[in-house]
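Below is one structure, written out as structure tokens, with a few remarks after it.
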Amino acid sequence: MTEVRDRVVAAARRSGRRADDVRVIGITKGVPGEVVAAAARAGLGEFGENYVQELVTKRPLAPDAIWHFVGRLQRNKVHRVLGA
């Protein structure tokens with residue numbers, strides 16, 4: 001994560017922005033659960049997924065992370081995304 005944060009700082013500086021205004025979100029589409037867990041242990045604090053079933057499966061692997069659902073959501077699956 002240190003290398004990623006260093007790159008974010010450098011890119012923000014080049015664009016005249018503050019690095020604190022940049023959020024790094026790891027998109028987990030097609031990524032195995034063990035990689036998600038390893039990324040969380042390495043310090044990644046936000047993840048995004050676009051399949052409801054994958055989100056439900058992966059969310060417990062990084063329980064302290066902020067999770068984002070990206071993509072289209074069917075009404076009948078809202079409760080699963082919300083964790084209800």
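Each chain in the structure tokens gets a letter, A, B, ..., in the order shown, and its residues are numbered from 1; ligands are numbered from 1 in order too.
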Report as a count of residues only: the residues of chain A with a DSSP assignment of helix (DSSP H, G or I), based on the backbone of this structure.
-> 44
Extract, using only C-alpha atoms, all DNA, RNA and protein residues at most 10 Å from A:Gly45, discarding same-chain residues fewer than 5 positions from it, and format them as a list in words.
-> Arg23, Val24, Ile25, Gly26, Ala39, Ala40, Ala62, Pro63, Asp64, Ala65, Ile66 and Trp67 of chain A
Write the selection just made, keeping N, CA, C and O atoms, as an mmCIF file, in the first residue's frame?
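Generated file (result.cif):
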```cif
data_model
loop_
_atom_site.group_PDB
_atom_site.id
_atom_site.type_symbol
_atom_site.label_atom_id
_atom_site.label_comp_id
_atom_site.auth_asym_id
_atom_site.auth_seq_id
_atom_site.Cartn_x
_atom_site.Cartn_y
_atom_site.Cartn_z
ATOM 1 N N ARG A 23 -9.354 9.098 -2.917
ATOM 2 C CA ARG A 23 -9.698 7.841 -2.246
ATOM 3 C C ARG A 23 -9.286 6.681 -3.137
ATOM 4 O O ARG A 23 -9.613 6.660 -4.324
ATOM 5 N N VAL A 24 -8.594 5.717 -2.557
ATOM 6 C CA VAL A 24 -8.218 4.510 -3.284
ATOM 7 C C VAL A 24 -9.242 3.434 -2.943
ATOM 8 O O VAL A 24 -9.402 3.059 -1.783
ATOM 9 N N ILE A 25 -9.935 2.961 -3.969
ATOM 10 C CA ILE A 25 -10.957 1.934 -3.797
ATOM 11 C C ILE A 25 -10.564 0.743 -4.663
ATOM 12 O O ILE A 25 -10.431 0.874 -5.879
ATOM 13 N N GLY A 26 -10.367 -0.395 -4.040
ATOM 14 C CA GLY A 26 -10.013 -1.612 -4.766
ATOM 15 C C GLY A 26 -11.263 -2.287 -5.305
ATOM 16 O O GLY A 26 -12.125 -2.701 -4.534
ATOM 17 N N ALA A 39 -5.443 -7.772 0.759
ATOM 18 C CA ALA A 39 -5.443 -6.321 0.539
ATOM 19 C C ALA A 39 -5.917 -5.592 1.789
ATOM 20 O O ALA A 39 -5.367 -4.545 2.160
ATOM 21 N N ALA A 40 -6.908 -6.138 2.453
ATOM 22 C CA ALA A 40 -7.396 -5.530 3.697
ATOM 23 C C ALA A 40 -6.315 -5.570 4.771
ATOM 24 O O ALA A 40 -6.090 -4.584 5.481
ATOM 25 N N ALA A 62 -13.253 -8.609 4.667
ATOM 26 C CA ALA A 62 -12.724 -7.282 5.027
ATOM 27 C C ALA A 62 -13.819 -6.546 5.791
ATOM 28 O O ALA A 62 -14.371 -5.553 5.319
ATOM 29 N N PRO A 63 -14.150 -7.032 6.984
ATOM 30 C CA PRO A 63 -15.321 -6.506 7.703
ATOM 31 C C PRO A 63 -15.195 -5.060 8.168
ATOM 32 O O PRO A 63 -16.204 -4.393 8.379
ATOM 33 N N ASP A 64 -13.973 -4.577 8.340
ATOM 34 C CA ASP A 64 -13.789 -3.199 8.798
ATOM 35 C C ASP A 64 -13.709 -2.206 7.649
ATOM 36 O O ASP A 64 -13.597 -1.002 7.874
ATOM 37 N N ALA A 65 -13.744 -2.714 6.425
ATOM 38 C CA ALA A 65 -13.624 -1.857 5.245
ATOM 39 C C ALA A 65 -14.954 -1.199 4.905
ATOM 40 O O ALA A 65 -16.021 -1.645 5.316
ATOM 41 N N ILE A 66 -14.871 -0.146 4.134
ATOM 42 C CA ILE A 66 -16.051 0.477 3.538
ATOM 43 C C ILE A 66 -16.263 -0.222 2.200
ATOM 44 O O ILE A 66 -15.341 -0.328 1.397
ATOM 45 N N TRP A 67 -17.477 -0.700 1.988
ATOM 46 C CA TRP A 67 -17.798 -1.397 0.745
ATOM 47 C C TRP A 67 -18.737 -0.559 -0.104
ATOM 48 O O TRP A 67 -19.679 0.032 0.398
#
```
Name the residues of chain A that fall into strand (DSSP E or B) according to DSSP on the backbone, using the chain letters and numbers of this document, as a PyMOL selection string.
-> chain A and resi 26-27+46-49+66-69
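Ranking A:Lys58, A:Arg14, A:Arg72, A:Arg7 by their shortest atom-to-atom distance to A:Gly30, with only C-alpha atoms included, puts A:Lys58 first.
If you look at atom CA of A:Val31 and atom CA of A:Leu73, they are 19.9 Å away from each other.
Take the candidates A:Val52, A:Val4, A:Ala38, A:Ile27 and check each one against A:Gly83 using only C-alpha atoms; the shortest distance goes to A:Val52.
Between atom CA of A:Gly33 and atom CA of A:Val81 the separation is 17.1 Å.
Counting only C-alpha atoms and comparing A:Gly71, A:Gly16, A:Pro60, A:Gly43, the residue that lies closest to A:Lys29 is A:Gly71.
Distances to A:Val35 were evaluated for A:Thr2, A:Leu82, A:Leu61, A:Arg18 using only C-alpha atoms, and the minimum falls at A:Leu61.
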